[in-house]
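What follows is a short report on a single structure.
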Amino acid sequence: MPDRLVYQPVDTLQPRLEDADALLKGRFRFAGQMVEAKQDSIFDSQPPSEAWACALHGFDWLGALAVAGGDAARNLAIELVSQWLDRFARYREPAWLPEVTARRLLAILAHGRLVLTNSEILWRSRLFVSLRQQTAQLGRIAGEAPEGLPRLEAAAVHVLARAGCEDSPRRIELALAGLEPEITKQILPDGGHISRSPEALLLAYRQIVMVMDALTAAGLAIPTWLRSAHDRAAPMLRFFRHSDGALAVFNGGRETSSRTVEALLARDEVRGQPFLHAPHSGYQRLAAARSLVILDCGTPPPPVYSTRAHAGCLAFEFAANGQRLVVNCGAEGNDGAAWDGALRTTAAHSTVTLADTSMLPILSPGLARDLLGARLMSFPARVATEREETPSGWRVQAGHEFYVPEFDVVHERVLTLSPRGNRLTGSDLLWRHASRKKRAAVPFAIRFHLHPDVRVSPSLSGDILLKLANGDGWRFRHSGSLAIEESIYAGQTGVRRTEQLVLTGQVANDQIEAGWIFEHIGTE
């Protein structure tokens, strides 16, 4: 039986000191909800949501208390661990669900020294008995975690727990055998995550880095398949990284902390540079000077991995000089906000929407959704993309047919970023697919959601002037009817009000082309 942790993973997801302050005052804030510990134990309180309960039993509070340090934080952490051991030593849900067990074990491995240092020997032995039991149980049920990132994390933490508790090399190798198929399935050949979410890729890469560090600390060789996944994922993270250091907001992912991204990428010895096109993940990247455009031109992920995927084909994000200008609305998190899938619809993205209809629906509430999750309903549809370098800069042309079944309309988008990065030229083309039959006109809206830090003002000429937080000025020129409407941004913690530019029109039987330009003020 181990009596010490021989390996402590570096937790790059830095907890906040204000969370520790709230905990010391008896306020447990998880998943956007707060419960005060008014009873003998917070574990006896009625959880306001399943997400809150999973965070409590996943020991999400331990990292914040470890960062705060001091006797008060240490005593509270010991008390909370003791209360959990008193009540949940045997299997109960949700405390022993595989994904929750993995969160709890990782929290203890990364921050357990707060409660283990100079602790009483009997209490210490009791905790290590539980750690051994939890590790063995996780090994049995890791494959029952929800498909996708939760299952990968459960398998990775099983390896970390075996290595951290100084288990035999044979058991560590068996744990690695459970991780290999998840890495193989979920890390694509171009380095992206199968969910197509930049944030999911970051979290998967975090697990990969910790497992590699644990194997090195244990004196074990790093398997080729794990090293290969690491070397593919790191450049892909740089692919999604804006110049402000954080990630682009696509397919259920948020920006995350730029410090977290930097800390993880600092572990990449290869320093692989981002490429221009990620064909397996379905993204294009245009970069010039200090401007960056990332375009989603991929199909939805496989249904089982699509419970957080978005219907935003041909949506793009545009940043200049370290400032985000055009964004997508963001992702729904476990923050208590009842968005009910609104942020996953096409209208929440900087792309074209037909008749206020999302190009791909979400599985409707009911028995099927209860069993399968809120999957994005998809169907075979062609998504094509081409890329070329022209005298005017990099040019990407992409099109999709997701609106063909309902409206018989194809959408094609062409983007060109000038060599100096001071002009982004775009055009959106809409036309009937193949039918020669005349059909009723369909209204369309081309949306450009703006970052909350961008200030908008119309000019007398009809152009839109955009002022960024760093003082830079940009001008939006367009053809067609334009409106400035309200929008929101949930790319960070919480939700912020912002605005969007909306070009509107109708597509009937003739091709429609709407042109537009973002240009830096002062461009000759």
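Chains: A, B, ... in order of the structure tokens. Residues: from 1 per chain. Ligands: from 1, in order shown.
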
Exercise: Phe407 of chain A partners within 9 Å, only C-alpha atoms, chain neighbours under 5 positions left out, as JSON, numbers by chain: {"A": [354, 432, 433, 442]}

Would you save the residues of that selection, restricted to C-alpha atoms, as a PDB file, in the first residue's frame?
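Output file result_21.pdb follows:
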```pdb
ATOM      1  CA  LEU A 354     -31.370  31.089 -44.460  1.00  0.00           C
ATOM      2  CA  ARG A 432     -30.190  27.088 -56.305  1.00  0.00           C
ATOM      3  CA  HIS A 433     -28.665  23.637 -56.282  1.00  0.00           C
ATOM      4  CA  VAL A 442     -35.785  32.600 -49.415  1.00  0.00           C
TER       5      VAL A 442
END
```

As a CSV table (one decimal) with C-alpha atoms, in the first residue's frame, which residues of segment 254-424 of chain A does DSSP assign to helix (DSSP H, G or I)?
```
chain,number,residue,atom,x,y,z
A,258,SER,CA,-3.9,32.5,-22.7
A,259,ARG,CA,-1.6,31.6,-19.7
A,260,THR,CA,-2.9,28.1,-19.8
A,261,VAL,CA,-2.3,27.8,-23.5
A,262,GLU,CA,1.2,29.2,-23.2
A,263,ALA,CA,2.1,27.0,-20.2
A,264,LEU,CA,1.1,23.9,-22.2
A,265,LEU,CA,2.8,24.8,-25.4
A,303,PRO,CA,-22.8,11.8,-34.1
A,304,VAL,CA,-21.5,10.3,-30.8
A,305,TYR,CA,-18.9,13.2,-30.5
A,342,ALA,CA,-29.2,28.6,-29.0
A,343,LEU,CA,-25.5,29.2,-29.2
A,344,ARG,CA,-25.1,26.1,-31.3
A,346,THR,CA,-26.2,28.9,-37.3
A,347,ALA,CA,-27.4,32.4,-36.3
A,348,ALA,CA,-24.9,32.5,-33.5
A,367,LEU,CA,-36.3,9.7,-25.0
A,368,ALA,CA,-33.8,9.6,-27.8
A,369,ARG,CA,-32.0,12.8,-26.6
A,370,ASP,CA,-32.0,11.4,-23.0
A,371,LEU,CA,-30.3,8.2,-24.3
A,372,LEU,CA,-28.0,9.7,-27.0
A,404,VAL,CA,-30.0,22.0,-50.0
A,405,PRO,CA,-32.5,19.5,-48.5
A,406,GLU,CA,-34.8,22.2,-47.1
A,407,PHE,CA,-34.2,25.2,-49.4
```

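Distances here use only C-alpha atoms; by that measure, the residue among A:Glu36, A:Glu332, A:Glu499, A:Glu147 closest to Arg455 of chain A is A:Glu499.
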
Within 9 Å of segment 61-67 of chain A using only C-alpha atoms, minus same-chain residues under 6 positions, as a PyMOL selection string: chain A and resi 11+14-21+23-24+28-30+55+73-74+76-77+107-108+110-115

Point-to-point distance from atom CA of Val293 of chain A to atom CA of Gly471 of chain A, Å rounded to tenths: 20.1 Å

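You can rank A:Glu513, A:Asp3, A:Glu486, A:Asp86 by their closest distance to Arg124 of chain A using only C-alpha atoms, and at the top of that list sits A:Asp3.
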
Point-to-point distance from atom CA of Ala374 of chain A to atom CA of Thr498 of chain A, Å rounded to tenths: 27.0 Å

Long-range neighbours of Pro223 of chain A as a VMD selection string, 12 Å cut-off, only C-alpha atoms, 2 positions minimum in chain: chain A and resid 173 176 to 177 179 to 180 183 208 211 to 212 215 to 216 220 to 221 225 to 230

Using only C-alpha atoms, which protein or nucleic acid residues come within 8 Å of segment 127-139 of chain A? Drop anything in the same chain fewer than 3 positions from it, and give the result as a PDB file with N, CA and C atoms, in the first residue's frame.
```
ATOM      1  N   MET A   1       0.845  -1.192   0.000  1.00  0.00           N
ATOM      2  CA  MET A   1       0.000   0.000   0.000  1.00  0.00           C
ATOM      3  C   MET A   1       0.882   1.244   0.000  1.00  0.00           C
ATOM      4  N   PRO A   2       0.696   2.168  -0.959  1.00  0.00           N
ATOM      5  CA  PRO A   2       1.522   3.387  -1.005  1.00  0.00           C
ATOM      6  C   PRO A   2       1.200   4.295   0.172  1.00  0.00           C
ATOM      7  N   ASP A   3       2.200   5.045   0.594  1.00  0.00           N
ATOM      8  CA  ASP A   3       1.977   6.024   1.668  1.00  0.00           C
ATOM      9  C   ASP A   3       2.452   7.412   1.247  1.00  0.00           C
ATOM     10  N   LEU A  85     -14.835  10.998   2.674  1.00  0.00           N
ATOM     11  CA  LEU A  85     -14.486   9.616   2.997  1.00  0.00           C
ATOM     12  C   LEU A  85     -15.524   8.994   3.929  1.00  0.00           C
ATOM     13  N   ALA A  89     -17.281   6.313   0.858  1.00  0.00           N
ATOM     14  CA  ALA A  89     -16.222   5.310   0.720  1.00  0.00           C
ATOM     15  C   ALA A  89     -16.644   4.180  -0.213  1.00  0.00           C
ATOM     16  N   PRO A  98     -17.357   7.396 -13.602  1.00  0.00           N
ATOM     17  CA  PRO A  98     -15.949   7.375 -14.052  1.00  0.00           C
ATOM     18  C   PRO A  98     -15.367   8.751 -14.296  1.00  0.00           C
ATOM     19  N   THR A 101     -14.872  10.405 -10.841  1.00  0.00           N
ATOM     20  CA  THR A 101     -13.740   9.764 -10.154  1.00  0.00           C
ATOM     21  C   THR A 101     -12.417  10.238 -10.742  1.00  0.00           C
ATOM     22  N   ALA A 102     -12.362  10.369 -12.054  1.00  0.00           N
ATOM     23  CA  ALA A 102     -11.133  10.844 -12.692  1.00  0.00           C
ATOM     24  C   ALA A 102     -10.808  12.274 -12.262  1.00  0.00           C
ATOM     25  N   LEU A 105      -9.488  12.110  -8.602  1.00  0.00           N
ATOM     26  CA  LEU A 105      -8.137  11.565  -8.496  1.00  0.00           C
ATOM     27  C   LEU A 105      -7.096  12.554  -9.018  1.00  0.00           C
ATOM     28  N   TRP A 123      -4.970   8.969   9.424  1.00  0.00           N
ATOM     29  CA  TRP A 123      -5.778   9.664   8.410  1.00  0.00           C
ATOM     30  C   TRP A 123      -5.139   9.510   7.032  1.00  0.00           C
ATOM     31  N   ARG A 124      -3.824   9.600   7.019  1.00  0.00           N
ATOM     32  CA  ARG A 124      -3.087   9.451   5.760  1.00  0.00           C
ATOM     33  C   ARG A 124      -3.295   8.061   5.174  1.00  0.00           C
ATOM     34  N   ALA A 142     -13.437   3.057 -16.608  1.00  0.00           N
ATOM     35  CA  ALA A 142     -13.053   4.208 -17.444  1.00  0.00           C
ATOM     36  C   ALA A 142     -13.719   4.150 -18.808  1.00  0.00           C
ATOM     37  N   ALA A 154     -10.623  10.012 -18.433  1.00  0.00           N
ATOM     38  CA  ALA A 154     -10.691   8.927 -17.457  1.00  0.00           C
ATOM     39  C   ALA A 154      -9.557   7.937 -17.676  1.00  0.00           C
ATOM     40  N   ALA A 155      -9.303   7.588 -18.934  1.00  0.00           N
ATOM     41  CA  ALA A 155      -8.215   6.644 -19.235  1.00  0.00           C
ATOM     42  C   ALA A 155      -6.859   7.239 -18.894  1.00  0.00           C
ATOM     43  N   HIS A 158      -6.278   7.336 -15.103  1.00  0.00           N
ATOM     44  CA  HIS A 158      -5.955   5.999 -14.606  1.00  0.00           C
ATOM     45  C   HIS A 158      -4.450   5.743 -14.692  1.00  0.00           C
ATOM     46  N   ALA A 161      -2.758   7.943 -11.992  1.00  0.00           N
ATOM     47  CA  ALA A 161      -2.930   7.419 -10.638  1.00  0.00           C
ATOM     48  C   ALA A 161      -2.028   6.213 -10.394  1.00  0.00           C
ATOM     49  N   ARG A 162      -1.896   5.349 -11.389  1.00  0.00           N
ATOM     50  CA  ARG A 162      -0.996   4.194 -11.239  1.00  0.00           C
ATOM     51  C   ARG A 162       0.452   4.673 -11.054  1.00  0.00           C
ATOM     52  N   ALA A 175      -2.684   0.137 -17.912  1.00  0.00           N
ATOM     53  CA  ALA A 175      -3.450   1.383 -17.957  1.00  0.00           C
ATOM     54  C   ALA A 175      -3.212   2.103 -19.282  1.00  0.00           C
TER      55      ALA A 175
END
```

When you look at Gly322 of chain A with a cut-off of 12 Å (counting only C-alpha atoms), what residues show up, excluding the ones that are within fewer than 3 positions of it in the same chain? I need them as a compact mmCIF listing (two decimals) with C-alpha atoms, in the first residue's frame.
```
# COMPACT_ATOMS: atom_id res chain seq x y z
CA ARG A 241 -4.38 30.40 -31.30
CA HIS A 242 -5.14 34.08 -31.87
CA SER A 243 -2.46 36.70 -31.34
CA ASP A 244 -3.93 37.49 -27.90
CA GLY A 245 -2.71 34.04 -26.84
CA ALA A 246 -6.12 32.41 -26.40
CA ALA A 289 1.45 40.47 -40.75
CA ARG A 290 -0.46 40.65 -37.46
CA SER A 291 -3.85 39.65 -38.86
CA LEU A 292 -5.39 36.20 -38.65
CA PHE A 318 -10.91 37.64 -37.62
CA ALA A 319 -8.33 39.26 -35.36
CA LEU A 325 -12.77 41.84 -34.35
CA LEU A 468 -10.78 48.33 -31.39
CA ALA A 469 -9.67 48.38 -27.75
CA ASN A 470 -6.09 49.26 -28.76
CA GLY A 471 -7.29 52.32 -30.66
CA ASP A 472 -7.01 50.83 -34.14
```

Residue contacts of Asp44 of chain A (12 Å, only C-alpha atoms) excluding same-chain residues fewer than 3 positions away, as a short mmCIF file (atom, residue, chain, number, x, y, z; two decimals) with N, CA and C atoms, in the first residue's frame:
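Below is the file out27.cif, written as the result:
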```
data_model
loop_
_atom_site.label_atom_id
_atom_site.label_comp_id
_atom_site.auth_asym_id
_atom_site.auth_seq_id
_atom_site.Cartn_x
_atom_site.Cartn_y
_atom_site.Cartn_z
N VAL A 35 -23.84 27.42 -3.43
CA VAL A 35 -24.53 26.84 -2.28
C VAL A 35 -23.72 27.19 -1.04
N GLU A 36 -24.39 27.69 -0.01
CA GLU A 36 -23.71 27.98 1.25
C GLU A 36 -23.78 26.76 2.15
N ALA A 37 -22.66 26.46 2.79
CA ALA A 37 -22.58 25.30 3.69
C ALA A 37 -23.20 25.67 5.03
N LYS A 38 -24.51 25.51 5.14
CA LYS A 38 -25.21 25.85 6.39
C LYS A 38 -25.41 24.64 7.28
N GLN A 39 -25.28 23.44 6.72
CA GLN A 39 -25.43 22.22 7.50
C GLN A 39 -24.07 21.77 8.01
N ASP A 40 -24.04 20.59 8.60
CA ASP A 40 -22.77 20.08 9.13
C ASP A 40 -21.74 19.88 8.03
N SER A 41 -22.20 19.47 6.86
CA SER A 41 -21.29 19.23 5.74
C SER A 41 -21.95 19.67 4.45
N PRO A 47 -27.87 19.38 -3.95
CA PRO A 47 -27.18 20.02 -5.08
C PRO A 47 -28.17 20.71 -6.00
N ALA A 53 -23.02 19.08 -8.54
CA ALA A 53 -22.69 17.91 -7.73
C ALA A 53 -21.43 17.22 -8.25
N LEU A 56 -18.44 19.20 -7.11
CA LEU A 56 -18.18 19.01 -5.68
C LEU A 56 -17.49 17.68 -5.43
N HIS A 57 -18.03 16.61 -6.01
CA HIS A 57 -17.45 15.28 -5.80
C HIS A 57 -16.17 15.09 -6.61
N LEU A 80 -12.95 18.65 4.41
CA LEU A 80 -13.79 18.25 3.29
C LEU A 80 -13.45 16.85 2.81
N GLN A 83 -14.89 14.42 5.31
CA GLN A 83 -16.34 14.31 5.16
C GLN A 83 -16.70 13.43 3.97
N TRP A 84 -15.95 13.58 2.89
CA TRP A 84 -16.24 12.76 1.71
C TRP A 84 -15.95 11.28 2.01
N ASP A 86 -16.07 9.78 4.83
CA ASP A 86 -17.09 9.27 5.75
C ASP A 86 -18.37 8.87 5.04
N ARG A 87 -18.69 9.58 3.96
CA ARG A 87 -19.99 9.40 3.32
C ARG A 87 -19.95 8.59 2.02
N PHE A 88 -18.79 8.59 1.36
CA PHE A 88 -18.76 8.03 0.01
C PHE A 88 -17.62 7.03 -0.19
#
```
